[in-house]
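Peer 1: Data: protein.pdb, PDB, C-alpha atoms.
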ATOM      1  CA  MET N   1      -0.922 -55.049 -95.339  1.00  0.00           C
ATOM      2  CA  THR N   2      -3.071 -58.076 -94.530  1.00  0.00           C
ATOM      3  CA  PRO N   3      -3.012 -58.365 -90.753  1.00  0.00           C
ATOM      4  CA  THR N   4      -1.860 -61.593 -89.148  1.00  0.00           C
ATOM      5  CA  LEU N   5      -4.626 -62.503 -86.687  1.00  0.00           C
ATOM      6  CA  SER N   6      -5.014 -65.758 -84.847  1.00  0.00           C
ATOM      7  CA  ILE N   7      -6.350 -67.467 -81.758  1.00  0.00           C
ATOM      8  CA  THR N   8      -4.393 -70.517 -80.777  1.00  0.00           C
ATOM      9  CA  ASP N   9      -4.291 -73.221 -78.123  1.00  0.00           C
ATOM     10  CA  GLN N  10      -0.539 -73.540 -78.646  1.00  0.00           C
ATOM     11  CA  PRO N  11       2.223 -71.473 -76.980  1.00  0.00           C
ATOM     12  CA  ILE N  12       2.619 -68.123 -78.754  1.00  0.00           C
ATOM     13  CA  ASP N  13       5.762 -67.662 -80.832  1.00  0.00           C
ATOM     14  CA  ILE N  14       6.690 -64.040 -80.076  1.00  0.00           C
ATOM     15  CA  ALA N  15       9.489 -63.967 -82.643  1.00  0.00           C
ATOM     16  CA  ALA N  16       7.108 -65.159 -85.346  1.00  0.00           C
ATOM     17  CA  ALA N  17       4.608 -62.409 -84.480  1.00  0.00           C
ATOM     18  CA  LEU N  18       7.357 -59.784 -84.710  1.00  0.00           C
ATOM     19  CA  ALA N  19       8.622 -61.269 -87.974  1.00  0.00           C
ATOM     20  CA  ALA N  20       5.079 -61.085 -89.379  1.00  0.00           C
ATOM     21  CA  VAL N  21       5.086 -57.278 -89.172  1.00  0.00           C
ATOM     22  CA  GLN N  22       8.577 -56.809 -90.594  1.00  0.00           C
ATOM     23  CA  THR N  23       8.591 -54.430 -93.543  1.00  0.00           C
ATOM     24  CA  ASP N  24      11.210 -52.150 -95.051  1.00  0.00           C
ATOM     25  CA  ALA N  25       8.613 -49.340 -95.027  1.00  0.00           C
ATOM     26  CA  ALA N  26       8.634 -49.244 -91.207  1.00  0.00           C
ATOM     27  CA  GLY N  27      11.150 -47.579 -88.948  1.00  0.00           C
ATOM     28  CA  ALA N  28       9.332 -48.713 -85.819  1.00  0.00           C
ATOM     29  CA  VAL N  29       8.004 -52.003 -84.573  1.00  0.00           C
ATOM     30  CA  ASN N  30       6.053 -51.837 -81.319  1.00  0.00           C
ATOM     31  CA  SER N  31       4.709 -54.778 -79.407  1.00  0.00           C
ATOM     32  CA  PHE N  32       2.608 -55.544 -76.367  1.00  0.00           C
ATOM     33  CA  ILE N  33       2.997 -58.883 -74.634  1.00  0.00           C
ATOM     34  CA  GLY N  34       0.373 -59.862 -72.092  1.00  0.00           C
ATOM     35  CA  THR N  35       1.437 -62.506 -69.580  1.00  0.00           C
ATOM     36  CA  VAL N  36      -0.187 -64.460 -66.758  1.00  0.00           C
ATOM     37  CA  ARG N  37       0.247 -62.703 -63.406  1.00  0.00           C
ATOM     38  CA  ASN N  38       0.381 -64.448 -60.036  1.00  0.00           C
ATOM     39  CA  GLN N  39      -2.324 -62.370 -58.346  1.00  0.00           C
ATOM     40  CA  SER N  40      -5.506 -60.479 -59.064  1.00  0.00           C
ATOM     41  CA  GLY N  41      -6.639 -57.745 -56.706  1.00  0.00           C
ATOM     42  CA  GLY N  42      -4.338 -59.179 -54.050  1.00  0.00           C
ATOM     43  CA  ARG N  43      -5.745 -62.702 -54.424  1.00  0.00           C
ATOM     44  CA  PRO N  44      -3.170 -65.310 -55.451  1.00  0.00           C
ATOM     45  CA  VAL N  45      -3.845 -66.744 -58.926  1.00  0.00           C
ATOM     46  CA  ARG N  46      -2.615 -70.235 -59.777  1.00  0.00           C
ATOM     47  CA  ARG N  47      -3.411 -70.299 -63.482  1.00  0.00           C
ATOM     48  CA  LEU N  48      -5.839 -68.925 -66.073  1.00  0.00           C
ATOM     49  CA  HIS N  49      -8.342 -70.615 -68.336  1.00  0.00           C
ATOM     50  CA  TYR N  50      -9.166 -68.718 -71.531  1.00  0.00           C
ATOM     51  CA  GLU N  51     -12.205 -69.504 -73.630  1.00  0.00           C
ATOM     52  CA  SER N  52     -12.837 -68.042 -77.077  1.00  0.00           C
ATOM     53  CA  TYR N  53     -15.774 -67.753 -79.458  1.00  0.00           C
ATOM     54  CA  ASP N  54     -13.269 -68.028 -82.295  1.00  0.00           C
ATOM     55  CA  SER N  55     -15.288 -66.974 -85.336  1.00  0.00           C
ATOM     56  CA  MET N  56     -16.649 -63.857 -83.630  1.00  0.00           C
ATOM     57  CA  ALA N  57     -13.340 -63.076 -81.941  1.00  0.00           C
ATOM     58  CA  LEU N  58     -11.604 -63.007 -85.328  1.00  0.00           C
ATOM     59  CA  THR N  59     -14.426 -60.966 -86.865  1.00  0.00           C
ATOM     60  CA  GLN N  60     -14.194 -58.397 -84.070  1.00  0.00           C
ATOM     61  CA  LEU N  61     -10.390 -58.418 -84.185  1.00  0.00           C
ATOM     62  CA  ASN N  62     -10.584 -57.598 -87.881  1.00  0.00           C
ATOM     63  CA  HIS N  63     -12.862 -54.640 -87.025  1.00  0.00           C
ATOM     64  CA  VAL N  64     -10.392 -53.409 -84.381  1.00  0.00           C
ATOM     65  CA  VAL N  65      -7.496 -53.553 -86.802  1.00  0.00           C
ATOM     66  CA  ALA N  66      -9.568 -51.849 -89.525  1.00  0.00           C
ATOM     67  CA  GLN N  67     -10.281 -49.019 -87.056  1.00  0.00           C
ATOM     68  CA  ALA N  68      -6.562 -48.743 -86.326  1.00  0.00           C
ATOM     69  CA  TYR N  69      -5.802 -48.430 -90.057  1.00  0.00           C
ATOM     70  CA  GLU N  70      -8.418 -45.643 -90.268  1.00  0.00           C
ATOM     71  CA  LYS N  71      -6.975 -43.771 -87.294  1.00  0.00           C
ATOM     72  CA  TRP N  72      -3.351 -44.182 -88.378  1.00  0.00           C
ATOM     73  CA  PRO N  73      -3.257 -44.350 -92.192  1.00  0.00           C
ATOM     74  CA  MET N  74       0.532 -44.696 -92.023  1.00  0.00           C
ATOM     75  CA  LEU N  75       0.148 -47.996 -90.146  1.00  0.00           C
ATOM     76  CA  GLN N  76       1.959 -50.691 -92.114  1.00  0.00           C
ATOM     77  CA  GLU N  77       1.654 -54.186 -90.667  1.00  0.00           C
ATOM     78  CA  VAL N  78      -0.286 -55.631 -87.719  1.00  0.00           C
ATOM     79  CA  ALA N  79      -0.135 -58.993 -85.974  1.00  0.00           C
ATOM     80  CA  VAL N  80      -2.337 -60.106 -83.081  1.00  0.00           C
ATOM     81  CA  VAL N  81      -2.094 -63.578 -81.582  1.00  0.00           C
ATOM     82  CA  HIS N  82      -4.235 -64.576 -78.602  1.00  0.00           C
ATOM     83  CA  ARG N  83      -3.874 -67.790 -76.665  1.00  0.00           C
ATOM     84  CA  LYS N  84      -6.768 -69.876 -75.384  1.00  0.00           C
ATOM     85  CA  GLY N  85      -6.991 -72.863 -73.080  1.00  0.00           C
ATOM     86  CA  THR N  86      -5.140 -73.286 -69.785  1.00  0.00           C
ATOM     87  CA  LEU N  87      -2.185 -70.975 -69.138  1.00  0.00           C
ATOM     88  CA  GLU N  88       0.326 -71.190 -66.328  1.00  0.00           C
ATOM     89  CA  LEU N  89       1.989 -68.270 -64.523  1.00  0.00           C
ATOM     90  CA  GLY N  90       4.307 -66.394 -66.860  1.00  0.00           C
ATOM     91  CA  ASP N  91       2.780 -67.818 -70.028  1.00  0.00           C
ATOM     92  CA  VAL N  92       2.145 -65.395 -72.872  1.00  0.00           C
ATOM     93  CA  ALA N  93      -1.593 -64.766 -73.296  1.00  0.00           C
ATOM     94  CA  VAL N  94      -1.513 -62.209 -76.098  1.00  0.00           C
ATOM     95  CA  VAL N  95       0.911 -60.512 -78.463  1.00  0.00           C
ATOM     96  CA  VAL N  96       0.117 -57.362 -80.425  1.00  0.00           C
ATOM     97  CA  ALA N  97       2.736 -56.140 -82.882  1.00  0.00           C
ATOM     98  CA  VAL N  98       2.536 -53.155 -85.218  1.00  0.00           C
ATOM     99  CA  ALA N  99       4.912 -51.601 -87.703  1.00  0.00           C
ATOM    100  CA  THR N 100       4.798 -47.909 -88.616  1.00  0.00           C
ATOM    101  CA  PRO N 101       7.204 -45.451 -90.263  1.00  0.00           C
ATOM    102  CA  HIS N 102       7.872 -43.585 -86.979  1.00  0.00           C
ATOM    103  CA  ARG N 103       7.710 -44.539 -83.299  1.00  0.00           C
ATOM    104  CA  ALA N 104       4.944 -42.231 -82.001  1.00  0.00           C
ATOM    105  CA  GLU N 105       2.256 -43.888 -84.102  1.00  0.00           C
ATOM    106  CA  SER N 106       3.569 -47.336 -83.245  1.00  0.00           C
ATOM    107  CA  PHE N 107       2.977 -46.802 -79.511  1.00  0.00           C
ATOM    108  CA  ALA N 108      -0.457 -45.270 -80.100  1.00  0.00           C
ATOM    109  CA  ALA N 109      -1.676 -47.917 -82.544  1.00  0.00           C
ATOM    110  CA  CYS N 110      -0.403 -50.791 -80.403  1.00  0.00           C
ATOM    111  CA  GLN N 111      -2.134 -49.416 -77.302  1.00  0.00           C
ATOM    112  CA  PHE N 112      -5.373 -48.786 -79.212  1.00  0.00           C
ATOM    113  CA  ILE N 113      -5.435 -52.366 -80.497  1.00  0.00           C
ATOM    114  CA  ILE N 114      -4.869 -54.042 -77.121  1.00  0.00           C
ATOM    115  CA  ASP N 115      -7.256 -51.666 -75.299  1.00  0.00           C
ATOM    116  CA  THR N 116     -10.035 -52.155 -77.847  1.00  0.00           C
ATOM    117  CA  LEU N 117      -9.411 -55.911 -78.053  1.00  0.00           C
ATOM    118  CA  LYS N 118     -10.117 -56.131 -74.321  1.00  0.00           C
ATOM    119  CA  GLN N 119     -13.456 -54.375 -74.826  1.00  0.00           C
ATOM    120  CA  VAL N 120     -14.911 -56.204 -77.812  1.00  0.00           C
ATOM    121  CA  VAL N 121     -13.114 -59.438 -78.671  1.00  0.00           C
ATOM    122  CA  THR N 122     -15.065 -62.484 -77.492  1.00  0.00           C
ATOM    123  CA  ILE N 123     -12.531 -64.114 -75.219  1.00  0.00           C
ATOM    124  CA  TRP N 124     -13.251 -64.946 -71.592  1.00  0.00           C
ATOM    125  CA  LYS N 125     -10.873 -65.507 -68.719  1.00  0.00           C
ATOM    126  CA  ARG N 126     -11.449 -67.693 -65.678  1.00  0.00           C
ATOM    127  CA  GLU N 127      -9.003 -67.206 -62.838  1.00  0.00           C
ATOM    128  CA  GLU N 128      -8.103 -70.235 -60.778  1.00  0.00           C
ATOM    129  CA  TYR N 129      -7.354 -69.645 -57.092  1.00  0.00           C
ATOM    130  CA  GLU N 130      -6.404 -72.048 -54.327  1.00  0.00           C
ATOM    131  CA  ASP N 131     -10.042 -72.321 -53.312  1.00  0.00           C
ATOM    132  CA  GLY N 132     -11.973 -72.090 -56.565  1.00  0.00           C
ATOM    133  CA  THR N 133     -12.368 -70.229 -59.854  1.00  0.00           C
ATOM    134  CA  GLU N 134     -14.084 -67.081 -61.087  1.00  0.00           C
ATOM    135  CA  TRP N 135     -14.939 -65.588 -64.481  1.00  0.00           C
ATOM    136  CA  VAL N 136     -13.130 -62.255 -64.690  1.00  0.00           C
ATOM    137  CA  ALA N 137     -15.312 -59.110 -64.955  1.00  0.00           C
ATOM    138  CA  ALA N 138     -18.534 -61.123 -65.095  1.00  0.00           C
ATOM    139  CA  HIS N 139     -20.218 -59.398 -62.160  1.00  0.00           C
ATOM    140  CA  PRO N 140     -20.402 -55.713 -61.166  1.00  0.00           C
TER     141      PRO N 140
ATOM    142  CA  MET F   1     -39.701 -71.212 -85.605  1.00  0.00           C
ATOM    143  CA  SER F   2     -37.150 -72.406 -83.019  1.00  0.00           C
ATOM    144  CA  LEU F   3     -33.781 -70.850 -82.231  1.00  0.00           C
ATOM    145  CA  LYS F   4     -30.427 -72.212 -81.131  1.00  0.00           C
ATOM    146  CA  VAL F   5     -28.369 -69.964 -78.887  1.00  0.00           C
ATOM    147  CA  ALA F   6     -24.671 -70.597 -78.182  1.00  0.00           C
ATOM    148  CA  LEU F   7     -23.437 -69.939 -74.657  1.00  0.00           C
ATOM    149  CA  PHE F   8     -19.940 -69.031 -73.534  1.00  0.00           C
ATOM    150  CA  GLY F   9     -18.104 -68.410 -70.290  1.00  0.00           C
ATOM    151  CA  ILE F  10     -20.320 -67.686 -67.341  1.00  0.00           C
ATOM    152  CA  THR F  11     -23.524 -67.852 -69.395  1.00  0.00           C
ATOM    153  CA  ARG F  12     -22.748 -71.500 -70.172  1.00  0.00           C
ATOM    154  CA  ASP F  13     -22.170 -72.152 -66.466  1.00  0.00           C
ATOM    155  CA  ILE F  14     -25.477 -70.472 -65.579  1.00  0.00           C
ATOM    156  CA  VAL F  15     -27.552 -72.294 -68.198  1.00  0.00           C
ATOM    157  CA  GLY F  16     -25.619 -75.550 -67.850  1.00  0.00           C
ATOM    158  CA  THR F  17     -25.140 -76.270 -71.549  1.00  0.00           C
ATOM    159  CA  SER F  18     -23.158 -74.792 -74.445  1.00  0.00           C
ATOM    160  CA  ILE F  19     -26.163 -74.594 -76.794  1.00  0.00           C
ATOM    161  CA  ILE F  20     -29.758 -74.045 -75.773  1.00  0.00           C
ATOM    162  CA  GLU F  21     -32.646 -74.572 -78.176  1.00  0.00           C
ATOM    163  CA  LEU F  22     -35.658 -72.328 -77.715  1.00  0.00           C
ATOM    164  CA  PRO F  23     -38.755 -74.034 -79.126  1.00  0.00           C
ATOM    165  CA  ALA F  24     -41.380 -72.278 -81.212  1.00  0.00           C
ATOM    166  CA  PRO F  25     -42.738 -69.721 -80.680  1.00  0.00           C
ATOM    167  CA  ALA F  26     -39.194 -68.415 -80.188  1.00  0.00           C
ATOM    168  CA  PRO F  27     -38.270 -64.770 -79.601  1.00  0.00           C
ATOM    169  CA  THR F  28     -38.369 -62.747 -82.823  1.00  0.00           C
ATOM    170  CA  ASN F  29     -35.699 -60.217 -81.927  1.00  0.00           C
ATOM    171  CA  VAL F  30     -32.696 -59.710 -79.663  1.00  0.00           C
ATOM    172  CA  GLY F  31     -34.619 -57.797 -77.000  1.00  0.00           C
ATOM    173  CA  GLU F  32     -37.209 -60.556 -76.695  1.00  0.00           C
ATOM    174  CA  LEU F  33     -34.487 -63.197 -76.540  1.00  0.00           C
ATOM    175  CA  LEU F  34     -32.700 -61.445 -73.668  1.00  0.00           C
ATOM    176  CA  ALA F  35     -35.971 -60.984 -71.788  1.00  0.00           C
ATOM    177  CA  GLU F  36     -36.879 -64.656 -72.236  1.00  0.00           C
ATOM    178  CA  MET F  37     -33.409 -65.877 -71.194  1.00  0.00           C
ATOM    179  CA  ARG F  38     -33.402 -63.639 -68.107  1.00  0.00           C
ATOM    180  CA  LYS F  39     -36.842 -64.929 -67.199  1.00  0.00           C
ATOM    181  CA  GLN F  40     -35.708 -68.550 -67.427  1.00  0.00           C
ATOM    182  CA  TYR F  41     -32.281 -67.898 -65.870  1.00  0.00           C
ATOM    183  CA  PRO F  42     -32.474 -64.935 -63.444  1.00  0.00           C
ATOM    184  CA  ALA F  43     -28.713 -65.191 -62.741  1.00  0.00           C
ATOM    185  CA  LEU F  44     -28.120 -63.789 -66.246  1.00  0.00           C
ATOM    186  CA  GLY F  45     -29.587 -60.512 -65.004  1.00  0.00           C
ATOM    187  CA  GLU F  46     -26.912 -60.262 -62.321  1.00  0.00           C
ATOM    188  CA  LEU F  47     -24.067 -60.053 -64.864  1.00  0.00           C
ATOM    189  CA  ARG F  48     -22.276 -56.782 -65.500  1.00  0.00           C
ATOM    190  CA  SER F  49     -23.594 -57.014 -69.050  1.00  0.00           C
ATOM    191  CA  CYS F  50     -24.991 -59.578 -71.439  1.00  0.00           C
ATOM    192  CA  ALA F  51     -24.928 -58.813 -75.141  1.00  0.00           C
ATOM    193  CA  VAL F  52     -26.308 -60.860 -78.001  1.00  0.00           C
ATOM    194  CA  ALA F  53     -24.335 -61.646 -81.129  1.00  0.00           C
ATOM    195  CA  VAL F  54     -25.998 -62.429 -84.434  1.00  0.00           C
ATOM    196  CA  ASN F  55     -23.718 -63.912 -87.090  1.00  0.00           C
ATOM    197  CA  ASN F  56     -20.560 -62.839 -85.250  1.00  0.00           C
ATOM    198  CA  GLU F  57     -21.623 -59.200 -84.792  1.00  0.00           C
ATOM    199  CA  TYR F  58     -22.949 -57.435 -81.695  1.00  0.00           C
ATOM    200  CA  ALA F  59     -26.672 -56.912 -82.234  1.00  0.00           C
ATOM    201  CA  SER F  60     -29.044 -54.217 -80.952  1.00  0.00           C
ATOM    202  CA  ALA F  61     -32.318 -55.028 -79.194  1.00  0.00           C
ATOM    203  CA  ASP F  62     -34.440 -54.565 -82.335  1.00  0.00           C
ATOM    204  CA  THR F  63     -32.328 -56.907 -84.496  1.00  0.00           C
ATOM    205  CA  PRO F  64     -34.617 -59.647 -85.876  1.00  0.00           C
ATOM    206  CA  LEU F  65     -33.733 -63.307 -85.305  1.00  0.00           C
ATOM    207  CA  HIS F  66     -34.083 -66.168 -87.780  1.00  0.00           C
ATOM    208  CA  THR F  67     -33.609 -69.920 -87.448  1.00  0.00           C
ATOM    209  CA  VAL F  68     -30.597 -69.805 -89.779  1.00  0.00           C
ATOM    210  CA  ASP F  69     -28.790 -67.113 -87.739  1.00  0.00           C
ATOM    211  CA  GLU F  70     -25.804 -67.950 -85.571  1.00  0.00           C
ATOM    212  CA  ILE F  71     -26.910 -66.534 -82.231  1.00  0.00           C
ATOM    213  CA  ALA F  72     -24.865 -66.288 -79.040  1.00  0.00           C
ATOM    214  CA  LEU F  73     -25.052 -64.719 -75.615  1.00  0.00           C
ATOM    215  CA  ILE F  74     -21.960 -62.617 -74.914  1.00  0.00           C
ATOM    216  CA  PRO F  75     -21.175 -62.075 -71.227  1.00  0.00           C
ATOM    217  CA  PRO F  76     -18.523 -59.471 -70.282  1.00  0.00           C
ATOM    218  CA  VAL F  77     -15.402 -60.219 -72.315  1.00  0.00           C
ATOM    219  CA  ALA F  78     -11.992 -60.419 -70.657  1.00  0.00           C
ATOM    220  CA  GLY F  79      -9.316 -61.019 -73.258  1.00  0.00           C
ATOM    221  CA  GLY F  80      -5.760 -59.803 -72.990  1.00  0.00           C
TER     222      GLY F  80
END
Produce structure tokens that represent the structure in this file.

Peer 2:
Amino acid sequence: MTPTLSITDQPIDIAAALAAVQTDAAGAVNSFIGTVRNQSGGRPVRRLHYESYDSMALTQLNHVVAQAYEKWPMLQEVAVVHRKGTLELGDVAVVVAVATPHRAESFAACQFIIDTLKQVVTIWKREEYEDGTEWVAAHP
Amino acid sequence: MSLKVALFGITRDIVGTSIIELPAPAPTNVGELLAEMRKQYPALGELRSCAVAVNNEYASADTPLHTVDEIALIPPVAGG
């Protein structure tokens, strides 16, 4: 039941993240895979640069997962892997995987973890365009 | 007492360094730190938000600061 949480500058191994949540107690494994999209608000994006405050990001990620275990006591295993550094179009930026006895909770817990991660985990994203870069969500 | 403050993302771009050292007399709590930083770097006040982390946790304005604390400015996060 110890979650597998990491922030890495290496390509994410999706199969390894799914394998990390494998348990005979689960009848459902649900995953979210976030990838690099080629546009943002209609503006073409060439690549993304992710920066992480690793120690705090992992601390906050642990809090998020602890909240998920409180909300869904039947939650079995959790894995969250987030990439940092420079990512090209199509690269995997984040994988969230959860294992639960039944499917309904697996969807809910997986969505809660990725939604809450985006609110509190200290990772920043800089979009690179043809004519410059911008930190995402920095300004109103 | 002096303080070291770690800067990430756009706050590092605004201040121009990844760690800033505030000499004594340094701010004694989070609210004072934010006020001082915004005074020195008005562009920080234009961000959607700017939180302060103390020892890897989000800290409220009245949280006291000590030289030994790991302090960081946290601009709007954008993981995922």

Peer 1: To verify the selection step, state as a PyMOL selection string which residues the ChimeraX specification (/F :<6) & /N yields on this input.

Peer 2: chain N and resi 56+94+118+122-125+138-140

Peer 1: Out of F:Leu73, F:Val68, F:Leu34, F:Ala61, which residue has the shortest atom-to-atom distance to F:Arg12 when counting only C-alpha atoms?

Peer 2: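 Closest to F:Arg12, using only C-alpha atoms: F:Leu73.
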
Peer 1: Have a look at N:Glu127, N:Asp115, N:Glu70, N:Asp24 and name the one nearest to N:Ala99; count all atoms listed in the file.

Peer 2: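 For N:Ala99, the nearest of the given residues is N:Asp24.
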
Peer 1: Extract, using all atoms listed in the file, all DNA, RNA and protein residues at most 12 Å from F:Thr28, discarding same-chain residues fewer than 4 positions from it, and format them as a list of chain:residue names.

Peer 2: F:Met1, F:Ser2, F:Leu3, F:Leu22, F:Pro23, F:Ala24, F:Glu32, F:Leu33, F:Leu34, F:Ala35, F:Glu36, F:Ala61, F:Asp62, F:Thr63, F:Pro64, F:Leu65, F:His66, F:Thr67, F:Asp69

Peer 1: Up to 6 Å from (-27.7, -67.1, -62.9) in the file's coordinates: name the residues, counting only C-alpha atoms, as an mmCIF file with C-alpha atoms, in the coordinates of the input.

Peer 2:
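Saved as selection.cif:
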data_model
loop_
_atom_site.group_PDB
_atom_site.id
_atom_site.type_symbol
_atom_site.label_atom_id
_atom_site.label_comp_id
_atom_site.auth_asym_id
_atom_site.auth_seq_id
_atom_site.Cartn_x
_atom_site.Cartn_y
_atom_site.Cartn_z
ATOM 1 C CA ILE F 14 -25.477 -70.472 -65.579
ATOM 2 C CA TYR F 41 -32.281 -67.898 -65.870
ATOM 3 C CA PRO F 42 -32.474 -64.935 -63.444
ATOM 4 C CA ALA F 43 -28.713 -65.191 -62.741
ATOM 5 C CA LEU F 44 -28.120 -63.789 -66.246
#

Peer 1: Applying the PyMOL selection byres ((chain N and resi 86-89) around 7) to the file I just gave you, which residues come out? Please list them as a ChimeraX atom specification.

Peer 2: /N:36-38,46-50,84-85,90-91
